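Novice: What follows is a single structure, and I will ask about it in a moment.
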Amino acid sequence: MTIEAPASAPVEPLLSALKVRKSYGGVEVLKGISLAVNPGQVMCLLGPSGSGKSTFLRCINHLERIDGGRISVNGELVGYAQRRDRIFEMNPREVARQRRGIGMVFQRFNLFPHMTALENITAAPIGVRRINKQKARDRGLELLDRVGLANLAQSYPAQLSGGQQQRVAIARALAMDPKLLLFDEPTSALDPELVGDVLDVMRTLASDGMTMVVVTHEIGFARGAADVVVFMDGGVVVESGPPEVVLDNPQSARTKAFLDSVM
Amino acid sequence: MTIEAPASAPVEPLLSALKVRKSYGGVEVLKGISLAVNPGQVMCLLGPSGSGKSTFLRCINHLERIDGGRISVNGELVGYAQRRDRIFEMNPREVARQRRGIGMVFQRFNLFPHMTALENITAAPIGVRRINKQKARDRGLELLDRVGLANLAQSYPAQLSGGQQQRVAIARALAMDPKLLLFDEPTSALDPELVGDVLDVMRTLASDGMTMVVVTHEIGFARGAADVVVFMDGGVVVESGPPEVVLDNPQSARTKAFLDSVM
Amino acid sequence: MAHATLATPVGAGPATQIDPDDIVAVPLRHPWRWFLAVFLLIGFVSLGISLWQNENINHPTITEFIFNPRILSGVVLTVVLTVVAMLVSTVLGVLLAVMRLSNNPVMNTLAWLYVWAFRGTPLLIQIVFWGYLGLLYAQISVGIPFTDFTIFSMETNTLIPALTAGLLALTLNQAAYSAEIVRSGMLSVDEGQYEAAYSVGMSPVFTLFKVVLPQAMRVIIPPMGNETISMLKNTSLLSVIAVLELYTVATQISSQNLRQVELLLVVSCWYLFLTSVLSIPQYYLERYYGRGKARTLPPTPFQRVRALLGRRPITVRRTESQDAS
Amino acid sequence: MAHATLATPVGAGPATQIDPDDIVAVPLRHPWRWFLAVFLLIGFVSLGISLWQNENINHPTITEFIFNPRILSGVVLTVVLTVVAMLVSTVLGVLLAVMRLSNNPVMNTLAWLYVWAFRGTPLLIQIVFWGYLGLLYAQISVGIPFTDFTIFSMETNTLIPALTAGLLALTLNQAAYSAEIVRSGMLSVDEGQYEAAYSVGMSPVFTLFKVVLPQAMRVIIPPMGNETISMLKNTSLLSVIAVLELYTVATQISSQNLRQVELLLVVSCWYLFLTSVLSIPQYYLERYYGRGKARTLPPTPFQRVRALLGRRPITVRRTESQDAS
Amino acid sequence: ATADAAPSTEKAPSTADVDATAAAALPAKYKDAGIIKVASDIPFPPMEMFDENQKLTGFDYDLAQAIGAKLGVTMELQTQAFDSIIPSLQSGKHDVIMSGMNDTPERQVTVDFVDYLHAGFSILVPAGNPNKIATVLDLCGQEVAVQKATVQAEILRGYDKQCTDAGPGPMKLSELPLETDVQTAVRAGKAVADVVDSAVASYAAQTAGDGKFFEVVRDPANPAGYDPVYTGIGVLKKDAALSKALMLALDSVIADGSYAKILGKYDMSDFAVDAAGINLGS
Ligand SMILES: Nc1ncnc2c1ncn2[C@@H]1O[C@H](COP(=O)(O)OP(=O)(O)OP(=O)(O)O)[C@@H](O)[C@H]1O
Ligand SMILES: Nc1ncnc2c1ncn2[C@@H]1O[C@H](COP(=O)(O)OP(=O)(O)OP(=O)(O)O)[C@@H](O)[C@H]1O
Ligand SMILES: [Mg+2]
Ligand SMILES: [Mg+2]
């Protein structure tokens, strides 16, 4: 398991971030984040509020443009393309293509309110990947079933409870069959009963070779499912390593304090 | 501790609900909810997604009009006024006055996006209760400090992370000095580090005589802070009683299954 | 708490059993509503009667001209002009709105300039400009500027007949106004929607058409309804270039027979009729694009009538938010 | 991955240190942007030159009349009419919008009828109606209907002089249009906002003014800008009742000296100027009400110019959402 | 109240001029008010226009002053757009119309005309007469522009048969709101000629572009223009007594020679009527 700079990784990491920096109006929110995730690994990001976890996820997806450092997914720089020996900024169309390989589930769902649950899931496969409509529908229903909402396929988001909405959002991200899945506190709005089910889905995905970065406060999940746990604070990686090390035997006083307050 | 119909209560309950029914377009979501909360008590509502917990809270606040039964807060019927021996429906102004005594924190924050954090908190005290501006500001800052956001008083909601937004929402509800506080999963979007702080605030409130109804999935909080725990499912109260009974020794199989999945 | 008896039950949901514990309350009365309704009804009826009986109005003239063939052809032309100009200008307007919201400085400035110039000058002057372009340029040529090389050259008046000039003027002018409306609609869509769309790999264009515009429609439709109805009447400005739409035909007739009041009434009837016809698609478009916004759709007029008769508020929140004002 | 060397650094945020691990990439080029910009610049300049040099336009006439006292008094009257009519009609429009959104059937129907009637008939006819109300009613009396008891009675033409009639017509007509715009703005506000406001005990009216309208403004302002600019030019319809605003004055002058084209240009200059002046408050109102919506405010024109020169996109998402269209 | 009330006070009627018969016929209402309000689509040169000092002048204005003097009242010209000129009479804002309005049977249904001019139309073409228009029949098959509120369109339609027989087919008429719109259309090449009252045509030929834009087609066979029609003061049917008084006053103006003087001032002597009459148009 490697969490150092990608150069020293024995396998080529699926996601590698090197000295990533990001500022908002003069305030540096990410102060040089370096980490790597190998294919099939699950990485959990922990950290107090405002530590930059969401911002980092958005950078991986190129929803935010980084101010320094580099991120690459599947060997390709995010947002930049190499032709001959020069690096070019990607145009929006290329960025969109690149994003298809990276699914994301947001803290605040962001479902499309004018589409039913099923349409939310099938909109991108049909419109962007040009999958046959009937096939996309079938797959959509299957995914809805997987998150326990098969009977609500025709409901609009406003008619669903918070928990139900987040589950539709997860199904929507899965529908593009992404190589890498980013979760921004995916279970924070979920019903405790259903957290287990969703985690099971996520574990199945992981064993199918899915690589995931999960921002979460569920220490139990991190301990059971993560290959790597990263603790962020104030825009830097404070500590990272296997869950048994970071969670049960943290080196940094800051990590220790955070874990004490959470557990 | 009484959780039966209000008639048998030794003290007059602050909140009493009797056979409350509510339907949405033909589907009955609440099927006769009866419960009572005495002054100073904290009641925790547990239950799976879609069981009607949020709907019940909204009925207490008269955000939804009930289809049957009755709810009274502080001895007054919610949404109805008695004059002589007849009961009249309240007009919107009277309803608004009544709601001032009942604070509410929503699952999805619902902060006013065009106001700063501080303005969100002071808008109602200044505009509705006509409290002196400077006093309202001071109190607002004090409340913001209590939820750990004193330095973000001038930020707009869109500039705050989810956790920060929910904390502002709690401060906003506290600002009206309500008799009864309703929380709809107040900690579900909160950072684990800060959950403890918020629960401390809530406990302080309880000991100051604040009565609270809390929909939550935090079994730990329910066990430590609740006087009564109510388990709802499918629009009915399945089981209710002191936490040590309901949580540790549930009578109903449904409660047992739910608790197993959560803990 | 004593139960009141002399009243209707509050609970009237699908669960029909009435429990002794249900509140039986006097529903909120709105006496002034009825007072106002009756007052206004009397007002409208007496206004109608006095208008109809006014001796200055010659009713046979109205009935004579309302289906006059010249008037009818004017109506047809008005409708055609309105429909064509609105459709084309909406497409242009969306384009301009997207340009205007872009941070691409060239596009942005261009769209801004367009909106500035076309909203800034009176439509009438734009009509005169396009209609009498031949005054300024007798020939229109396409070629390389500052050289004598021309690909194509034609008499302006042959290239742009009056009707085309009128359509051009209406469309280009309306596009500037529509652009502002579309832009405001797009601004009303949450940023999270863009993020979600991009995260599933939608391109900016796809996002625009499948995610942003459908949500913006809710906000766009009412002002666009306004614009359509204005357009209906703005076509009358084409009289300066002798395009014979409804209003021009009517004033031509009335300038000869001097039945000006009667012909204005004929015109009003037609415009009222056309406006009413146009507001039906608007109503249903609004409902369609409103889906998924509210938990329940707003009631149709039919449902409203039922609610009025049955005196059952439709949702609690709505009722409150408006009763007070 | 080999580092490219011949390019500008991407990182240019406040953290100025350049790390060897930073990507040094060729920024996305937009050659067609510049092509288009140059092309259009040439186009505009040559259009301007050819318009200016056109022998059919007599420049001394333009310079003679642009500050002519009659024209200036027309400008003043136009501005006054526009401002007063817009202010009053906006208040009426908010009232109508609230009534229209209410589930109170009387209010609702009333507002609907008002909007239907006033949008449905041409403004010109409404102006004639108010201007010549004396045609229908020689006296206006306030009293008890169907009896002879009158509290107050006056000659219609004395009570409503031309200017008042014009203002009345413009205001009542505009209110119908504004109502639709305000309504659409109110519909754009999330229902959760009402719930939150009610939960802290705000009354419906307070909620409307402090919570709903301020958020609706973002959506309301652009179409209201449209309406204001339309109003500026609709004042010219008052010529039928002899109110001498800008356009009427200009046509009067031109029908005497027969210099129509030149006077239309004078009028255009004035309208363009007034529109430009009006768009400044609109721009800043939009920014003001846009606060709290986006995480960062959109750039001001000044910032845009800097961006153009510095070639630094302002946010990644924005840039993408529009480049493609 | 009207913003553009004409400053007609400087020529207060002197009782010496008053024609007793005419004044006696004037209904008491106007006598008491001392004023007759005249609706006029100002400016419509040379019928009504402003001089260098922005004072109202023109043929209609001068004639109105003369008639007013005979009646012992002031005739005050006020601006009124033609499109709503009838409502302005019906609502009592104005009493009569003097706006160079042609007298036609169709219009006689609504108003009575006290006719004061008998004039034909002329053909106004761009300077140099590029299309070589010599007579009205040269306009056949061509685009011709006229002003909406005038009677020329009807008269030109009367040539349809002749034109069709001659070959090129009927004239293509554009009716435009204002006389200036018509002239602009001709300048822009949208129409080959402007067909308009002779008096208006000669004013335009002299004035537009400092006299460089247009010329009037001289047809030796019709020196006073084609198809002469009457122009009259419009009075609502119900005010027949007022028409009568105006006719008497006009007769008196003709009789004392001031009518001829006013005609001469505007170079319109060809268009004189022999005696006042009501609804002479046919
Ligand atoms: N667009 C933005 N403009 C300005 N500041 C921002 C922006 N986005 C985030 N921030 C700030 O950056 C910091 C990190 O935000 P981020 O959302 O990444 O935190 P987080 O770790 O996800 O916190 P939480 O657990 O509360 O969601 C916060 O202080 C936030 O206020
Ligand atoms: N306005 C509405 N119209 C139609 N159905 C509704 C409405 N509000 C809620 N429901 C439905 O009522 C049921 C109960 O909803 P409620 O939000 O009260 O559940 P909950 O117990 O709070 O669930 P969660 O834990 O997911 O928030 C759900 O099935 C929901 O779909
Ligand atoms: Mg976050
Ligand atoms: Mg809920």
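Residues in the structure tokens are numbered from 1 in each chain, the chains being A, B, ... in the order shown, and ligands are numbered from 1 in the order shown.
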Show me which bits of chain A are within 7 Å of chain C, counting only C-alpha atoms, as a PyMOL selection string.
Specialist: chain A and resi 61+63+93+96-97+99-100+103-104+110+112-114+124+128+156-159+173+176
Novice: Using C-alpha atoms, can you write the selected residues to a file as a short mmCIF file (atom, residue, chain, number, x, y, z; two decimals), in the first residue's frame?
Specialist:
```
data_model
loop_
_atom_site.label_atom_id
_atom_site.label_comp_id
_atom_site.auth_asym_id
_atom_site.auth_seq_id
_atom_site.Cartn_x
_atom_site.Cartn_y
_atom_site.Cartn_z
CA ASN A 61 -13.09 15.92 -10.73
CA LEU A 63 -14.82 21.01 -10.84
CA ARG A 93 -15.39 18.73 -24.26
CA ALA A 96 -16.32 16.21 -19.91
CA ARG A 97 -15.07 13.00 -21.51
CA ARG A 99 -15.10 13.17 -16.06
CA ARG A 100 -17.16 10.26 -17.35
CA GLY A 103 -18.29 9.40 -10.54
CA MET A 104 -19.20 11.73 -7.71
CA ASN A 110 -27.85 17.83 -6.29
CA PHE A 112 -32.03 17.21 -11.13
CA PRO A 113 -35.37 18.37 -9.75
CA HIS A 114 -37.20 18.27 -13.10
CA ALA A 124 -26.22 10.79 -18.68
CA VAL A 128 -23.77 11.30 -23.13
CA TYR A 156 -39.56 13.50 -8.41
CA PRO A 157 -36.77 14.43 -5.98
CA ALA A 158 -39.00 16.90 -4.12
CA GLN A 159 -41.29 13.99 -3.30
CA ALA A 173 -23.11 8.10 -10.10
CA MET A 176 -21.85 5.82 -15.73
#
```
Novice: Let me have all residues with an atom within 12 Å of ligand 3, counting only C-alpha atoms and all ligand atoms, laid out as a ChimeraX atom specification.
Specialist: /A:45-58,105-108,183-186,188,214-217,232 /B:159-165,189-191
Novice: With only C-alpha atoms as the counted atoms, please give the residues lying no more than 12 Å from Leu174 (chain B), apart from itself and same-chain residues fewer than 3 positions off, as a count of residues only.
Specialist: 37
Novice: Using only C-alpha atoms, select each residue of chain C with any atom at most 8 Å away from an atom of chain E, and give the selection as a ChimeraX atom specification.
Specialist: /C:56,132-136,138,157,239-242,251-252,254-261
Novice: For region 248-257 of chain B, find every residue with an atom within 12 Å (counting only C-alpha atoms), except residues of its own chain fewer than 4 positions away, and show them as a VMD selection string.
Specialist: (chain A and resid 192 to 193) or (chain B and resid 46 to 48 219 to 220 222 to 223 229 to 234 237 to 244 261 to 263)
Novice: Apply DSSP to the structure's backbone, then extract all residues of region 71-309 of chain D labelled helix (DSSP H, G or I) and return them as a ChimeraX atom specification.
Specialist: /D:71-101,105-120,123-131,133-136,156-159,162-187,191-199,204-241,246-257,260-290,301-309
Novice: What are the nearest atom pairs, with distances in Å to one decimal, for all residues of chain C that come at most 6 Å from chain D, using only C-alpha atoms, set out by chain and rising residue number as JSON lines?
Specialist:
```
{"residue": "C:Ser102", "atom": "CA", "partner": "D:Gln322", "partner_atom": "CA", "distance": 4.8}
{"residue": "C:Asn103", "atom": "CA", "partner": "D:Thr319", "partner_atom": "CA", "distance": 5.6}
{"residue": "C:Pro105", "atom": "CA", "partner": "D:Leu308", "partner_atom": "CA", "distance": 5.9}
{"residue": "C:Gly120", "atom": "CA", "partner": "D:Leu272", "partner_atom": "CA", "distance": 4.5}
{"residue": "C:Thr121", "atom": "CA", "partner": "D:Ser268", "partner_atom": "CA", "distance": 5.3}
{"residue": "C:Glu180", "atom": "CA", "partner": "D:Pro222", "partner_atom": "CA", "distance": 5.7}
{"residue": "C:Ile181", "atom": "CA", "partner": "D:Pro223", "partner_atom": "CA", "distance": 5.4}
{"residue": "C:Ser184", "atom": "CA", "partner": "D:Val219", "partner_atom": "CA", "distance": 5.2}
{"residue": "C:Pro204", "atom": "CA", "partner": "D:Ser321", "partner_atom": "CA", "distance": 4.7}
{"residue": "C:Val219", "atom": "CA", "partner": "D:Ser184", "partner_atom": "CA", "distance": 5.2}
{"residue": "C:Pro222", "atom": "CA", "partner": "D:Glu180", "partner_atom": "CA", "distance": 5.7}
{"residue": "C:Pro223", "atom": "CA", "partner": "D:Ile181", "partner_atom": "CA", "distance": 5.4}
{"residue": "C:Ser268", "atom": "CA", "partner": "D:Thr121", "partner_atom": "CA", "distance": 5.3}
{"residue": "C:Tyr271", "atom": "CA", "partner": "D:Thr121", "partner_atom": "CA", "distance": 5.8}
{"residue": "C:Leu272", "atom": "CA", "partner": "D:Gly120", "partner_atom": "CA", "distance": 4.5}
{"residue": "C:Thr275", "atom": "CA", "partner": "D:Gly120", "partner_atom": "CA", "distance": 5.3}
{"residue": "C:Thr319", "atom": "CA", "partner": "D:Asn103", "partner_atom": "CA", "distance": 5.6}
{"residue": "C:Ser321", "atom": "CA", "partner": "D:Pro204", "partner_atom": "CA", "distance": 4.8}
{"residue": "C:Gln322", "atom": "CA", "partner": "D:Ser102", "partner_atom": "CA", "distance": 4.7}
```
Novice: Show me, as a ChimeraX atom specification, the residues that have an atom within 10 Å of Cys163 (chain E) when counting only C-alpha atoms, minus same-chain residues fewer than 3 positions from it.
Specialist: /E:136-141,157-160,166-171
Novice: Find the residues near region 196-211 of chain E: any atom within 6 Å, counting only C-alpha atoms, skip ones fewer than 3 places away on the same chain, and give them as a list in words.
Specialist: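 The residues that qualify are Leu258 of chain D; Phe121, Ser122, Phe214 and Glu215 of chain E.
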Novice: Tell me which of B:Leu111, B:Val213, B:Val27, B:Leu152 sits closest to ligand 1, counting only C-alpha atoms and all ligand atoms.
Specialist: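 Of all the options, B:Leu152 lies closest to ligand 1.
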Novice: Record the distance separating CA of Thr211 (chain B) and CA of Cys44 (chain B), expressed in Å with one decimal.
Specialist: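 Computing it gives 11.2 Å between the two atoms.
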Novice: So which bits of region 36-217 of chain B end up strand (DSSP E or B) when you DSSP the backbone, as number ranges by chain?
Specialist: B: 36-37, 42-46, 68-73, 76-77, 80-83, 86-89, 102-105, 180-184, 211-215
Novice: Distance CA of Val24 (chain C)-CA of Leu30 (chain B), one decimal place?
Specialist: 19.2 Å
